[in-house]
Every structure is written in C-alpha cells, then in structure tokens.
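Data from coords10.cif: mmCIF, C-alpha atoms
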```cif
data_upload
loop_
_atom_site.label_atom_id
_atom_site.label_comp_id
_atom_site.auth_asym_id
_atom_site.auth_seq_id
_atom_site.Cartn_x
_atom_site.Cartn_y
_atom_site.Cartn_z
CA MET A 491 7.56 -91.33 0.11
CA THR A 492 4.13 -90.00 1.05
CA THR A 493 1.39 -90.64 -1.49
CA THR A 494 -0.47 -87.50 -2.51
CA ALA A 495 -4.24 -87.31 -2.70
CA LEU A 496 -4.02 -87.11 -6.48
CA GLU A 497 -1.80 -90.19 -6.70
CA ALA A 498 -4.17 -92.11 -4.45
CA ALA A 499 -7.19 -91.07 -6.52
CA GLU A 500 -5.43 -91.95 -9.78
CA GLY A 501 -4.42 -95.32 -8.35
CA ALA A 502 -7.98 -96.09 -7.31
CA LEU A 503 -9.29 -95.08 -10.73
CA GLU A 504 -6.70 -97.21 -12.54
CA ALA A 505 -7.57 -100.22 -10.37
CA ALA A 506 -11.28 -99.69 -11.07
CA ARG A 507 -10.59 -99.50 -14.79
CA LEU A 508 -8.72 -102.81 -14.67
CA THR A 509 -11.60 -104.35 -12.73
CA TYR A 510 -14.04 -103.02 -15.33
CA ALA A 511 -11.92 -104.38 -18.19
CA ARG A 512 -11.83 -107.83 -16.59
CA ALA A 513 -15.57 -107.70 -15.89
CA LEU A 514 -16.27 -106.71 -19.47
CA THR A 515 -14.23 -109.62 -20.77
CA ALA A 516 -16.01 -112.01 -18.40
CA ALA A 517 -19.44 -110.66 -19.38
CA ASN A 518 -18.69 -111.04 -23.07
CA ASP A 519 -17.25 -114.53 -22.61
CA THR A 520 -20.15 -115.85 -20.49
CA LYS A 521 -22.72 -114.33 -22.84
CA ALA A 522 -20.96 -115.88 -25.82
CA ALA A 523 -20.78 -119.24 -24.02
CA ALA A 524 -24.52 -119.22 -23.28
CA SER A 525 -25.30 -118.26 -26.86
CA ALA A 526 -23.05 -121.03 -28.14
CA LEU A 527 -24.88 -123.65 -26.06
CA ARG A 528 -28.23 -122.52 -27.42
CA ALA A 529 -26.86 -122.52 -30.96
CA ARG A 530 -25.74 -126.11 -30.55
CA VAL A 531 -29.16 -127.16 -29.27
CA LEU A 532 -30.88 -125.35 -32.14
CA ALA A 533 -28.49 -126.90 -34.64
CA GLY A 534 -29.24 -130.39 -33.35
CA THR A 535 -25.69 -130.97 -32.18
CA GLY A 536 -26.27 -130.30 -28.51
CA GLN A 537 -27.58 -133.65 -27.35
CA ASP A 538 -25.16 -133.45 -24.45
CA VAL A 539 -26.47 -130.02 -23.37
CA GLY A 540 -29.03 -130.38 -20.63
CA PRO A 541 -31.40 -127.86 -19.06
CA SER A 542 -29.06 -127.43 -16.12
CA ASP A 543 -26.24 -126.57 -18.51
CA LEU A 544 -28.30 -123.83 -20.14
CA ALA A 545 -29.45 -122.54 -16.76
CA ALA A 546 -25.88 -122.49 -15.45
CA ALA A 547 -24.65 -120.67 -18.56
CA ASP A 548 -27.46 -118.12 -18.30
CA GLN A 549 -26.79 -117.60 -14.60
CA ALA A 550 -23.08 -117.14 -15.26
CA ALA A 551 -23.84 -114.60 -17.99
CA GLU A 552 -26.35 -112.76 -15.81
CA HIS A 553 -23.94 -112.67 -12.88
CA ALA A 554 -21.12 -111.42 -15.09
CA ALA A 555 -23.41 -108.69 -16.47
CA LEU A 556 -24.25 -107.58 -12.92
CA VAL A 557 -20.56 -107.54 -11.99
CA LEU A 558 -19.90 -105.44 -15.08
CA GLN A 559 -22.60 -102.95 -14.10
CA GLY A 560 -21.13 -102.68 -10.64
CA ALA A 561 -17.63 -102.13 -12.00
CA GLU A 562 -18.91 -99.51 -14.43
CA SER A 563 -20.91 -97.64 -11.80
CA ALA A 564 -17.75 -97.05 -9.75
CA LEU A 565 -15.90 -95.28 -12.58
CA PRO A 566 -17.70 -91.87 -12.65
CA GLY A 567 -17.20 -91.25 -8.94
CA LEU A 568 -13.53 -92.23 -9.06
CA SER A 569 -13.00 -90.12 -12.18
CA ALA A 570 -14.62 -87.16 -10.42
CA ALA A 571 -12.34 -87.77 -7.42
CA VAL A 572 -9.30 -87.59 -9.70
CA GLN A 573 -10.51 -84.34 -11.22
CA ALA A 574 -11.15 -82.90 -7.76
CA ALA A 575 -7.69 -83.95 -6.58
CA ARG A 576 -6.10 -82.37 -9.63
CA ALA A 577 -8.04 -79.17 -9.01
CA ASP A 578 -6.90 -79.19 -5.38
CA GLU A 579 -3.27 -79.57 -6.45
CA GLU A 580 -3.63 -76.66 -8.87
CA CYS A 581 -5.23 -74.54 -6.15
CA ASP A 582 -2.48 -75.49 -3.70
CA ALA A 583 0.19 -74.53 -6.23
CA ILE A 584 -1.49 -71.21 -6.94
CA VAL A 585 -1.99 -70.32 -3.28
CA GLU A 586 1.51 -71.48 -2.33
CA ALA A 587 3.15 -69.21 -4.90
CA LEU A 588 1.12 -66.07 -4.25
CA PRO A 589 2.59 -64.99 -0.89
CA GLY A 590 6.15 -65.15 -2.20
CA LEU A 591 5.27 -63.22 -5.33
CA GLY A 592 3.26 -60.71 -3.33
CA SER A 593 6.16 -60.20 -0.93
CA ALA A 594 8.46 -59.56 -3.89
CA VAL A 595 6.11 -56.83 -5.14
CA LEU A 596 5.73 -55.27 -1.70
CA ASP A 597 9.45 -55.41 -0.97
CA THR A 598 10.10 -53.64 -4.26
CA LEU A 599 7.50 -51.03 -3.41
CA ASP A 600 9.23 -50.48 -0.08
CA GLY A 601 12.32 -49.57 -2.05
CA VAL A 602 10.25 -47.28 -4.25
CA THR A 603 8.79 -45.60 -1.17
CA ALA A 604 12.26 -44.96 0.22
CA ALA A 605 13.39 -43.59 -3.14
CA LEU A 606 10.36 -41.29 -3.33
CA GLU A 607 11.08 -39.94 0.13
CA ALA A 608 14.66 -39.28 -0.97
CA LEU A 609 13.34 -37.59 -4.12
CA CYS A 610 11.16 -35.25 -2.09
CA THR A 611 14.14 -34.31 0.07
CA ALA A 612 16.45 -33.79 -2.91
CA ALA A 613 13.88 -31.78 -4.91
CA ALA A 614 13.12 -29.58 -1.90
CA ALA A 615 16.83 -28.94 -1.34
CA TYR A 616 17.27 -28.02 -5.02
CA ASP A 617 14.27 -25.70 -5.06
CA ASP A 618 15.28 -24.06 -1.75
CA HIS A 619 18.74 -23.41 -3.14
CA VAL A 620 17.28 -21.92 -6.33
CA ALA A 621 14.91 -19.67 -4.38
CA ALA A 622 17.75 -18.44 -2.16
CA ALA A 623 19.98 -17.92 -5.19
CA VAL A 624 17.37 -15.81 -6.98
CA HIS A 625 17.01 -13.70 -3.85
CA ARG A 626 20.76 -13.13 -3.72
CA LEU A 627 20.90 -12.27 -7.42
CA ASP A 628 18.37 -9.53 -6.87
CA LYS A 629 21.05 -7.82 -4.78
CA ILE A 630 23.85 -8.53 -7.23
CA GLY A 631 21.90 -7.37 -10.23
CA GLN A 632 23.60 -7.40 -13.60
CA SER A 633 27.02 -6.55 -12.13
CA SER A 634 28.55 -9.86 -13.20
CA PRO A 635 28.75 -11.06 -16.81
CA ARG A 636 28.04 -14.54 -15.52
CA VAL A 637 24.57 -13.43 -14.46
CA ASP A 638 21.70 -13.01 -16.88
CA LEU A 639 18.59 -11.50 -15.32
CA ARG A 640 16.15 -12.17 -18.12
CA ARG A 641 13.00 -10.21 -18.55
CA TYR A 642 11.20 -13.38 -19.55
CA GLY A 643 12.13 -16.66 -18.02
CA PRO A 644 14.26 -17.53 -15.00
CA PRO A 645 17.62 -15.87 -14.36
CA THR A 646 20.74 -17.82 -15.22
CA VAL A 647 24.22 -18.09 -13.79
CA ASP A 648 26.81 -19.46 -16.18
CA ARG A 649 23.85 -20.26 -18.42
CA LEU A 650 22.32 -22.53 -15.78
CA PRO A 651 18.66 -21.59 -15.27
CA LEU A 652 17.59 -20.92 -11.71
CA SER A 653 14.19 -22.53 -11.88
CA SER A 654 12.34 -25.20 -9.94
CA SER A 655 13.42 -28.79 -10.37
CA ARG A 656 9.76 -29.65 -10.86
CA GLY A 657 10.13 -32.83 -8.87
CA ALA A 658 6.69 -34.12 -9.85
CA ALA A 659 7.53 -33.74 -13.54
CA GLN A 660 10.90 -35.46 -13.01
CA LEU A 661 9.14 -38.34 -11.31
CA ALA A 662 6.53 -38.55 -14.06
CA ARG A 663 9.28 -38.76 -16.67
CA VAL A 664 10.93 -41.64 -14.84
CA VAL A 665 7.84 -43.68 -13.94
CA LEU A 666 6.04 -43.19 -17.26
CA PRO A 667 7.70 -46.17 -19.04
CA THR A 668 7.02 -48.41 -16.04
CA LEU A 669 3.36 -47.45 -15.87
CA GLN A 670 3.04 -48.05 -19.59
CA ALA A 671 4.59 -51.50 -19.11
CA LEU A 672 2.12 -52.12 -16.28
CA ARG A 673 -0.72 -51.13 -18.62
CA ALA A 674 -1.90 -48.28 -16.46
CA PRO A 675 -5.16 -46.55 -17.51
CA THR A 676 -4.80 -44.48 -20.67
CA GLY A 677 -5.97 -41.29 -18.94
CA LEU A 678 -3.26 -41.65 -16.29
CA VAL A 679 -0.56 -42.32 -18.89
CA GLU A 680 -1.59 -39.33 -20.99
CA GLY A 681 -1.63 -37.10 -17.92
CA LEU A 682 1.85 -38.28 -16.98
CA LYS A 683 3.09 -37.61 -20.51
CA THR A 684 1.91 -34.02 -20.21
CA LEU A 685 3.48 -33.66 -16.77
CA ALA A 686 6.74 -35.31 -17.85
CA ALA A 687 7.04 -32.95 -20.81
CA GLY A 688 7.57 -30.11 -18.35
CA ALA A 689 10.54 -31.74 -16.61
CA PRO A 690 13.59 -29.46 -17.05
CA ASN A 691 17.08 -30.79 -17.65
CA LEU A 692 18.86 -30.44 -14.35
CA PRO A 693 22.57 -29.67 -14.00
CA GLU A 694 24.52 -32.63 -12.72
CA VAL A 695 28.01 -33.58 -11.73
CA LYS A 696 29.86 -35.09 -14.66
CA LYS A 697 31.01 -38.63 -13.98
#
```
Take the structure in this file and express it as structure tokens.
Amino acid sequence: MTTTALEAAEGALEAARLTYARALTAANDTKAAASALRARVLAGTGQDVGPSDLAAADQAAEHAALVLQGAESALPGLSAAVQAARADEECDAIVEALPGLGSAVLDTLDGVTAALEALCTAAAAYDDHVAAAVHRLDKIGQSSPRVDLRRYGPPTVDRLPLSSSRGAAQLARVVLPTLQALRAPTGLVEGLKTLAAGAPNLPEVKK
C-alpha cells in the first residue's frame, strides 16, 4: 500500500520524537552521573575518582546535551511538515469533491432549464387559447347561459375565467419556497411574494 505524504511526515515526526526522548534521557543520566562524581569528591568519598574520570563524565554530559539540542531542533520543522501535509490532504479532499458537487448542481439546473422552456410553451398555448376564446365569445355574446360576459373582470364559460395564465406569477409561486430555502436576497423574495400572489388558479384535468 502506498504511503501518503501525511503518513510519511507523521512517521518522521514520531521517529524524531523517540530520538528526542532517548536523547533527553541520556542527557539527564550523564549530567546526573557527572554531578554524582563531583558530590563524592566533595564528600571525601571519591578517592577513586581521578581527574580523567571527571573529565570523561563532563565530556559525556556535554556531548549528550549537544545531541539533545540537535534532536530538539529537528522537531519544529518536522511538526510543520506534518501540519502542511494535513493541510494538503484537506485541500485535496475539498478540491476532489467540488467538481462532482458542481456537476450535480449544473445537471439539476439543466433540468430546470428544460422545465422552464416547457413552461413558456405551455403558458403561451394557454394564453393563446384564452385570447382566441375571448374573440369567439364576442361573436356569441350572451346567447348561451354558460357564458358570462362580465362588465368587470374576464368573461367566463362554465364559470371558468378566460384570463391569462400569468406564467411568471405561476413560476414565482413555485420557486418561492426554493429561493427562500436557498436564502435568496430579501428584496428578491419579497418581490416574488408579490408576483406569486397574482397567480390565478388554473383549471386542470382531474386525476
């Protein structure tokens, strides 16, 4: 299985931390050993401790302290590398998901576009039929009880008003909840509410 950049960075950091922990232990132990030798000499119980012993203990402690500094100095860079690798993984995940999600939105909008084109066709057919019907009723006049040529308002046939479908208002009524869910600007929502309020109830085939 291929090792990711993050896994490699985390592995390097963990190894450096183990090295630092060992170096810290060694530095503490050698420092304590050198101090113990001096304490024995000062206490008068270190007759067997010679100058070379003290020098060797000091050198060991100094060397261990240098090793510790070296181990510690590597940690910030490796920690930064881990953070950078994590950030890269997050960026990769974000960028990888966006095209699919964007395509889903655009594909849905393609369906909306097709539906809107169909709406325009249907609304135009309805309004053309209404206009032609009103023209024919002008010739019929009030000769049929099924016809009501009102003085105010559109004429009706069998109580069905012959008025425009108001396709824009019908569309506003339908899309208003969606735009509210999408948190559209307040001005747009309020304008759509006003437009939607003018959508008439259209006759439809009973299912």
Apply the PyMOL selection byres ((chain A and resi 623-632) around 12) to the displayed file and report the matching residues as a PyMOL selection string. chain A and resi 616-622+633-640+644-647+650-654
What does the distance from CA of Ala524 (chain A) to CA of Leu544 (chain A) come to in Å, to one decimal? 6.7 Å
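Evaluated on this file, the PyMOL selection byres ((chain A and resi 693) around 10) matches A:Leu650, A:Pro651, A:Ser655, A:Pro690, A:Asn691, A:Leu692, A:Glu694, A:Val695, A:Lys696.
Residue neighbourhood of region 548-562 of chain A, excluding near-sequence residues (fewer than 6 positions): Tyr510, Ala513, Leu514, Ala517, Thr520, Lys521 and Ala524 of chain A, at 6 Å, using only C-alpha atoms.
What separates CA of Ala575 (chain A) from CA of Ala505 (chain A) is a distance of 16.7 Å.
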Just the residues within 9 Å of Ala658 (chain A), please, counting only C-alpha atoms, with nothing from its chain fewer than 5 positions along; format it as an MDAnalysis selection string. chainID A and resid 663 685:686 689
So which residues are close to (4.3, -40.1, -18.6), meaning at most 8 Å away in the file's coordinates with all atoms listed in the file counted, and can you show them as a PyMOL selection string? chain A and resi 662-667+669+679-687
Box centre and edge lengths (Å, one decimal), axis-aligned, region 548-557 of chain A plus 3 Å each side, as AutoDock Vina command-line options:
```
--center_x -24.0 --center_y -112.8 --center_z -15.1 --size_x 12.9 --size_y 16.6 --size_z 12.3
```
